[in-house]
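The data block below is input11.txt; it holds compact mmCIF, N, CA and C atoms.
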# COMPACT_ATOMS: atom_id res chain seq x y z
N MET W 1 9.10 29.55 -2.10
CA MET W 1 8.31 28.66 -2.91
C MET W 1 7.05 29.38 -3.38
N GLU W 2 6.75 29.23 -4.64
CA GLU W 2 5.56 29.85 -5.23
C GLU W 2 4.31 29.10 -4.78
N PRO W 3 3.24 29.83 -4.44
CA PRO W 3 2.01 29.15 -4.04
C PRO W 3 1.47 28.28 -5.18
N ARG W 4 0.88 27.16 -4.79
CA ARG W 4 0.29 26.29 -5.80
C ARG W 4 -1.05 26.87 -6.26
N HIS W 5 -1.45 26.43 -7.44
CA HIS W 5 -2.70 26.89 -8.03
C HIS W 5 -3.83 25.92 -7.69
N PHE W 6 -5.05 26.38 -7.88
CA PHE W 6 -6.26 25.62 -7.60
C PHE W 6 -6.14 24.20 -8.15
N GLY W 7 -6.22 23.21 -7.27
CA GLY W 7 -6.23 21.82 -7.67
C GLY W 7 -4.95 21.27 -8.26
N GLU W 8 -3.85 22.00 -8.12
CA GLU W 8 -2.59 21.60 -8.75
C GLU W 8 -2.07 20.24 -8.25
N PHE W 9 -2.51 19.81 -7.10
CA PHE W 9 -2.05 18.54 -6.52
C PHE W 9 -2.73 17.32 -7.14
N ILE W 10 -3.73 17.52 -7.98
CA ILE W 10 -4.50 16.42 -8.55
C ILE W 10 -3.75 15.79 -9.71
N LEU W 11 -3.63 14.47 -9.68
CA LEU W 11 -3.05 13.73 -10.80
C LEU W 11 -4.16 13.22 -11.73
N LYS W 12 -5.26 12.73 -11.14
CA LYS W 12 -6.38 12.23 -11.93
C LYS W 12 -7.63 12.24 -11.06
N GLU W 13 -8.76 12.63 -11.66
CA GLU W 13 -10.02 12.60 -10.94
C GLU W 13 -11.14 12.21 -11.89
N ILE W 14 -12.26 11.82 -11.33
CA ILE W 14 -13.44 11.49 -12.12
C ILE W 14 -14.35 12.71 -12.12
N ASP W 15 -14.42 13.38 -13.26
CA ASP W 15 -15.22 14.60 -13.38
C ASP W 15 -16.66 14.36 -12.94
N GLY W 16 -17.16 15.31 -12.19
CA GLY W 16 -18.54 15.24 -11.74
C GLY W 16 -18.76 14.41 -10.49
N PHE W 17 -17.75 13.68 -10.05
CA PHE W 17 -17.91 12.81 -8.87
C PHE W 17 -16.91 13.09 -7.76
N SER W 18 -15.79 13.70 -8.09
CA SER W 18 -14.70 13.84 -7.12
C SER W 18 -14.85 15.02 -6.18
N ARG W 19 -15.43 16.09 -6.68
CA ARG W 19 -15.45 17.34 -5.92
C ARG W 19 -16.79 17.59 -5.26
N GLY W 20 -16.72 18.41 -4.22
CA GLY W 20 -17.92 18.87 -3.54
C GLY W 20 -17.68 20.26 -2.98
N GLU W 21 -18.75 20.93 -2.60
CA GLU W 21 -18.62 22.25 -1.98
C GLU W 21 -19.03 22.10 -0.52
N ARG W 22 -18.13 22.51 0.38
CA ARG W 22 -18.35 22.35 1.82
C ARG W 22 -17.99 23.64 2.55
N MET W 23 -18.50 23.78 3.77
CA MET W 23 -18.14 24.91 4.62
C MET W 23 -16.83 24.59 5.34
N VAL W 24 -15.93 25.56 5.30
CA VAL W 24 -14.62 25.43 5.94
C VAL W 24 -14.52 26.48 7.03
N THR W 25 -13.90 26.13 8.14
CA THR W 25 -13.80 27.02 9.28
C THR W 25 -12.41 26.97 9.90
N GLY W 26 -12.05 28.04 10.61
CA GLY W 26 -10.93 27.98 11.53
C GLY W 26 -9.54 28.36 11.07
N GLY W 27 -9.34 28.91 9.88
CA GLY W 27 -7.98 29.28 9.53
C GLY W 27 -7.82 29.74 8.09
N LEU W 28 -6.58 30.03 7.77
CA LEU W 28 -6.18 30.36 6.40
C LEU W 28 -5.47 29.13 5.86
N TYR W 29 -6.04 28.51 4.85
CA TYR W 29 -5.56 27.22 4.38
C TYR W 29 -5.07 27.30 2.94
N PRO W 30 -3.90 26.75 2.67
CA PRO W 30 -3.39 26.72 1.29
C PRO W 30 -3.99 25.57 0.48
N VAL W 31 -3.78 25.62 -0.81
CA VAL W 31 -4.16 24.54 -1.72
C VAL W 31 -3.57 23.23 -1.21
N GLY W 32 -4.37 22.18 -1.22
CA GLY W 32 -3.87 20.85 -0.84
C GLY W 32 -3.94 20.54 0.64
N THR W 33 -4.59 21.40 1.43
CA THR W 33 -4.70 21.14 2.87
C THR W 33 -5.58 19.92 3.11
N VAL W 34 -5.07 18.99 3.90
CA VAL W 34 -5.84 17.81 4.29
C VAL W 34 -6.80 18.24 5.40
N LEU W 35 -8.07 17.89 5.23
CA LEU W 35 -9.12 18.38 6.12
C LEU W 35 -9.79 17.26 6.91
N GLY W 36 -10.23 17.63 8.11
CA GLY W 36 -11.06 16.77 8.94
C GLY W 36 -12.42 17.43 9.09
N GLU W 37 -13.38 16.68 9.60
CA GLU W 37 -14.74 17.20 9.77
C GLU W 37 -15.10 17.31 11.24
N ILE W 38 -15.53 18.48 11.66
CA ILE W 38 -16.00 18.69 13.03
C ILE W 38 -17.36 18.01 13.15
N THR W 39 -17.46 17.04 14.02
CA THR W 39 -18.67 16.23 14.13
C THR W 39 -19.92 17.05 14.41
N ALA W 40 -19.85 17.98 15.34
CA ALA W 40 -21.02 18.74 15.77
C ALA W 40 -21.58 19.65 14.68
N THR W 41 -20.72 20.22 13.85
CA THR W 41 -21.17 21.21 12.86
C THR W 41 -21.13 20.71 11.42
N LYS W 42 -20.42 19.60 11.19
CA LYS W 42 -20.19 19.05 9.85
C LYS W 42 -19.34 19.97 8.98
N GLN W 43 -18.70 20.98 9.60
CA GLN W 43 -17.79 21.86 8.87
C GLN W 43 -16.41 21.20 8.78
N LEU W 44 -15.68 21.59 7.75
CA LEU W 44 -14.33 21.08 7.59
C LEU W 44 -13.33 22.06 8.16
N THR W 45 -12.23 21.53 8.66
CA THR W 45 -11.14 22.32 9.20
C THR W 45 -9.85 21.53 8.97
N ALA W 46 -8.74 22.17 9.20
CA ALA W 46 -7.47 21.47 9.02
C ALA W 46 -7.44 20.21 9.88
N LEU W 47 -6.93 19.14 9.31
CA LEU W 47 -6.76 17.90 10.04
C LEU W 47 -6.02 18.17 11.35
N ASN W 48 -6.51 17.58 12.43
CA ASN W 48 -5.86 17.71 13.73
C ASN W 48 -5.83 16.33 14.38
N PRO W 49 -4.71 15.61 14.23
CA PRO W 49 -4.64 14.22 14.70
C PRO W 49 -4.86 14.02 16.19
N THR W 50 -4.81 15.10 16.98
CA THR W 50 -5.00 14.95 18.42
C THR W 50 -6.33 15.51 18.91
N ALA W 51 -7.18 15.97 18.01
CA ALA W 51 -8.45 16.59 18.39
C ALA W 51 -9.46 15.54 18.83
N ASP W 52 -10.44 16.00 19.63
CA ASP W 52 -11.54 15.12 20.02
C ASP W 52 -12.87 15.62 19.48
N ASP W 53 -12.81 16.52 18.47
CA ASP W 53 -14.04 17.08 17.88
C ASP W 53 -14.40 16.43 16.55
N GLY W 54 -13.68 15.38 16.16
CA GLY W 54 -13.92 14.70 14.89
C GLY W 54 -12.92 15.04 13.82
N SER W 55 -12.20 16.15 13.98
CA SER W 55 -11.28 16.61 12.93
C SER W 55 -9.97 15.83 12.88
N LYS W 56 -9.87 14.77 13.67
CA LYS W 56 -8.65 13.96 13.63
C LYS W 56 -8.69 12.93 12.50
N LYS W 57 -9.84 12.79 11.87
CA LYS W 57 -9.97 11.85 10.75
C LYS W 57 -9.97 12.63 9.43
N ALA W 58 -9.09 12.26 8.51
CA ALA W 58 -9.00 12.91 7.20
C ALA W 58 -10.20 12.53 6.35
N VAL W 59 -10.89 13.56 5.79
CA VAL W 59 -12.08 13.30 4.99
C VAL W 59 -12.06 13.98 3.63
N ALA W 60 -11.18 14.96 3.42
CA ALA W 60 -11.18 15.72 2.17
C ALA W 60 -9.87 16.48 2.01
N ILE W 61 -9.69 17.05 0.81
CA ILE W 61 -8.52 17.88 0.52
C ILE W 61 -9.00 19.16 -0.13
N LEU W 62 -8.50 20.27 0.34
CA LEU W 62 -8.90 21.59 -0.14
C LEU W 62 -8.35 21.88 -1.53
N MET W 63 -9.21 22.33 -2.44
CA MET W 63 -8.82 22.60 -3.82
C MET W 63 -8.10 23.94 -4.00
N GLY W 64 -8.52 24.95 -3.26
CA GLY W 64 -7.95 26.29 -3.44
C GLY W 64 -7.69 26.97 -2.11
N ILE W 65 -6.92 28.04 -2.14
CA ILE W 65 -6.66 28.82 -0.92
C ILE W 65 -7.99 29.27 -0.34
N THR W 66 -8.15 29.09 0.97
CA THR W 66 -9.39 29.47 1.64
C THR W 66 -9.07 30.20 2.93
N ASP W 67 -9.65 31.39 3.09
CA ASP W 67 -9.46 32.19 4.29
C ASP W 67 -10.71 32.13 5.14
N ALA W 68 -10.70 31.27 6.13
CA ALA W 68 -11.83 31.10 7.05
C ALA W 68 -11.42 31.49 8.46
N ARG W 69 -10.53 32.48 8.56
CA ARG W 69 -10.07 32.91 9.88
C ARG W 69 -11.15 33.65 10.65
N THR W 70 -11.92 34.50 9.99
CA THR W 70 -12.92 35.28 10.70
C THR W 70 -14.35 34.85 10.38
N ASP W 71 -14.57 34.32 9.19
CA ASP W 71 -15.89 33.84 8.79
C ASP W 71 -15.73 32.49 8.10
N ASP W 72 -16.69 31.62 8.32
CA ASP W 72 -16.69 30.34 7.61
C ASP W 72 -16.87 30.62 6.12
N GLN W 73 -16.25 29.77 5.31
CA GLN W 73 -16.28 29.97 3.85
C GLN W 73 -16.68 28.69 3.14
N LYS W 74 -17.47 28.84 2.07
CA LYS W 74 -17.71 27.71 1.18
C LYS W 74 -16.46 27.50 0.35
N ALA W 75 -16.09 26.25 0.19
CA ALA W 75 -14.88 25.94 -0.57
C ALA W 75 -15.09 24.63 -1.33
N VAL W 76 -14.39 24.52 -2.45
CA VAL W 76 -14.41 23.28 -3.23
C VAL W 76 -13.35 22.35 -2.66
N VAL W 77 -13.75 21.10 -2.45
CA VAL W 77 -12.84 20.10 -1.89
C VAL W 77 -12.92 18.82 -2.71
N ILE W 78 -11.86 18.05 -2.63
CA ILE W 78 -11.86 16.69 -3.17
C ILE W 78 -12.41 15.79 -2.08
N GLU W 79 -13.48 15.06 -2.40
CA GLU W 79 -14.13 14.19 -1.42
C GLU W 79 -13.99 12.70 -1.73
N GLN W 80 -13.65 12.37 -2.99
CA GLN W 80 -13.60 10.95 -3.35
C GLN W 80 -13.03 10.78 -4.76
N LEU W 81 -12.70 9.54 -5.09
CA LEU W 81 -12.38 9.12 -6.46
C LEU W 81 -11.33 9.98 -7.15
N THR W 82 -10.17 10.15 -6.49
CA THR W 82 -9.12 11.01 -7.02
C THR W 82 -7.75 10.44 -6.68
N THR W 83 -6.80 10.66 -7.58
CA THR W 83 -5.39 10.38 -7.31
C THR W 83 -4.69 11.72 -7.16
N VAL W 84 -3.94 11.88 -6.07
CA VAL W 84 -3.28 13.15 -5.78
C VAL W 84 -1.78 12.95 -5.61
N ARG W 85 -1.05 14.05 -5.76
CA ARG W 85 0.41 14.05 -5.57
C ARG W 85 0.69 14.23 -4.08
N LYS W 86 1.20 13.17 -3.46
CA LYS W 86 1.45 13.16 -2.01
C LYS W 86 2.35 14.32 -1.57
N ALA W 87 3.36 14.63 -2.36
CA ALA W 87 4.30 15.69 -2.00
C ALA W 87 3.66 17.07 -1.95
N ASP W 88 2.50 17.24 -2.58
CA ASP W 88 1.83 18.54 -2.62
C ASP W 88 0.75 18.71 -1.56
N LEU W 89 0.56 17.72 -0.72
CA LEU W 89 -0.45 17.85 0.34
C LEU W 89 0.10 18.70 1.47
N GLU W 90 -0.79 19.45 2.09
CA GLU W 90 -0.44 20.33 3.21
C GLU W 90 -0.90 19.68 4.51
N TRP W 91 0.04 19.54 5.43
CA TRP W 91 -0.21 18.88 6.71
C TRP W 91 -0.07 19.86 7.86
N PRO W 92 -0.70 19.56 9.01
CA PRO W 92 -0.53 20.43 10.18
C PRO W 92 0.91 20.37 10.69
N THR W 93 1.36 21.45 11.26
CA THR W 93 2.69 21.52 11.86
C THR W 93 2.80 20.46 12.95
N GLY W 94 3.90 19.74 12.95
CA GLY W 94 4.16 18.77 14.00
C GLY W 94 3.56 17.39 13.78
N ILE W 95 2.87 17.18 12.67
CA ILE W 95 2.28 15.86 12.42
C ILE W 95 3.40 14.84 12.24
N THR W 96 3.20 13.67 12.79
CA THR W 96 4.22 12.61 12.68
C THR W 96 4.00 11.80 11.41
N ASP W 97 5.01 11.05 11.02
CA ASP W 97 4.88 10.17 9.85
C ASP W 97 3.77 9.14 10.06
N GLU W 98 3.65 8.63 11.27
CA GLU W 98 2.60 7.66 11.58
C GLU W 98 1.21 8.30 11.44
N GLN W 99 1.05 9.53 11.91
CA GLN W 99 -0.23 10.23 11.78
C GLN W 99 -0.55 10.52 10.31
N LYS W 100 0.47 10.87 9.53
CA LYS W 100 0.26 11.07 8.09
C LYS W 100 -0.21 9.78 7.43
N GLU W 101 0.43 8.68 7.77
CA GLU W 101 0.06 7.39 7.19
C GLU W 101 -1.38 7.04 7.55
N THR W 102 -1.77 7.29 8.79
CA THR W 102 -3.16 7.06 9.20
C THR W 102 -4.11 7.90 8.36
N ALA W 103 -3.80 9.18 8.19
CA ALA W 103 -4.65 10.08 7.40
C ALA W 103 -4.73 9.63 5.95
N LEU W 104 -3.61 9.21 5.38
CA LEU W 104 -3.61 8.73 3.99
C LEU W 104 -4.48 7.48 3.85
N ASN W 105 -4.46 6.62 4.85
CA ASN W 105 -5.32 5.43 4.83
C ASN W 105 -6.80 5.81 4.96
N GLU W 106 -7.09 6.84 5.75
CA GLU W 106 -8.47 7.32 5.87
C GLU W 106 -8.95 7.90 4.54
N LEU W 107 -8.09 8.64 3.86
CA LEU W 107 -8.45 9.17 2.54
C LEU W 107 -8.64 8.03 1.54
N LYS W 108 -7.83 7.00 1.67
CA LYS W 108 -7.94 5.84 0.77
C LYS W 108 -9.32 5.18 0.89
N GLU W 109 -9.90 5.23 2.10
CA GLU W 109 -11.25 4.69 2.29
C GLU W 109 -12.28 5.41 1.42
N LYS W 110 -11.97 6.65 1.05
CA LYS W 110 -12.84 7.46 0.20
C LYS W 110 -12.36 7.42 -1.26
N PHE W 111 -11.44 6.53 -1.53
CA PHE W 111 -10.85 6.37 -2.85
C PHE W 111 -10.09 7.62 -3.29
N ILE W 112 -9.44 8.24 -2.33
CA ILE W 112 -8.47 9.32 -2.61
C ILE W 112 -7.10 8.70 -2.38
N ILE W 113 -6.36 8.52 -3.46
CA ILE W 113 -5.09 7.81 -3.42
C ILE W 113 -3.95 8.81 -3.60
N ALA W 114 -2.99 8.78 -2.68
CA ALA W 114 -1.82 9.67 -2.75
C ALA W 114 -0.63 8.88 -3.29
N ARG W 115 0.01 9.43 -4.33
CA ARG W 115 1.19 8.78 -4.93
C ARG W 115 2.37 9.70 -4.90

What do you get writing this file as structure tokens?
Amino acid sequence: MEPRHFGEFILKEIDGFSRGERMVTGGLYPVGTVLGEITATKQLTALNPTADDGSKKAVAILMGITDARTDDQKAVVIEQLTTVRKADLEWPTGITDEQKETALNELKEKFIIAR
């Protein structure tokens, strides 16, 4: 499968309001990675439905490939007011359908709608 391009998962967004720049930590993440926020640092990392550091709640979606394996990186993310292609979202290995549904509902609270 060919890697997706920057923001390719977006169906519709409100220019100037949907995106933000945030610090990302902890891995090499592809376009469309669903992210959680580490409570103590306010940094974003891959969603982890079983974590107790805050990253179990979905808060954003990564716009482009980001390599934060050795150093934290600033990255553009979708934070609100966007419709995205559900099939193009990147989930952690082993996530259950129920955990995905929970994450999608959390994103919906930020007006990020997956279709």

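Closest to Ile95 (chain W) among W:Glu13, W:Arg4, W:Pro49, W:Lys56 is W:Pro49, based on all atoms listed in the file.
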
Atom pair CA of Met63 (chain W) / CA of Asp97 (chain W): separation (Å):
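Between CA of Met63 (chain W) and CA of Asp97 (chain W) the gap works out to 23.0 Å.
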
Please determine, counting only N, CA and C atoms, which residue among W:Lys108, W:Val34, W:Gln43, W:Arg115 has the shortest atom-to-atom distance to Trp91 (chain W).
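For Trp91 (chain W), the nearest of the candidates is W:Val34.
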
Would you pick out the contacts of Thr66 (chain W) at 7 Å or less, using only N, CA and C atoms, so that residues sharing its chain but fewer than 6 positions from it are not included, and give the list as a list in words?
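Listing them by chain and then by number gives Gly27, Leu28, Tyr29, Pro30, Val31 and Ala75 of chain W.
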
Could you save the residues just selected, with N, CA and C atoms, as a short mmCIF file (atom, residue, chain, number, x, y, z; two decimals), in the frame of the given file?
data_model
loop_
_atom_site.label_atom_id
_atom_site.label_comp_id
_atom_site.auth_asym_id
_atom_site.auth_seq_id
_atom_site.Cartn_x
_atom_site.Cartn_y
_atom_site.Cartn_z
N GLY W 27 -9.34 28.91 9.88
CA GLY W 27 -7.98 29.28 9.53
C GLY W 27 -7.82 29.74 8.09
N LEU W 28 -6.58 30.03 7.77
CA LEU W 28 -6.18 30.36 6.40
C LEU W 28 -5.47 29.13 5.86
N TYR W 29 -6.04 28.51 4.85
CA TYR W 29 -5.56 27.22 4.38
C TYR W 29 -5.07 27.30 2.94
N PRO W 30 -3.90 26.75 2.67
CA PRO W 30 -3.39 26.72 1.29
C PRO W 30 -3.99 25.57 0.48
N VAL W 31 -3.78 25.62 -0.81
CA VAL W 31 -4.16 24.54 -1.72
C VAL W 31 -3.57 23.23 -1.21
N ALA W 75 -16.09 26.25 0.19
CA ALA W 75 -14.88 25.94 -0.57
C ALA W 75 -15.09 24.63 -1.33
#

Kindly give the distance, in Å, that separates CA of Arg69 (chain W) and CA of Thr33 (chain W), rounded to a single decimal.
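Computing the Euclidean distance for CA of Arg69 (chain W) and CA of Thr33 (chain W) yields 14.7 Å.
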
Of the listed residues W:Arg19, W:Arg85, W:Lys100, W:His5, that which approaches Gly64 (chain W) most closely, counting only N, CA and C atoms
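Answer, going by the shortest atom-to-atom distance: W:His5.
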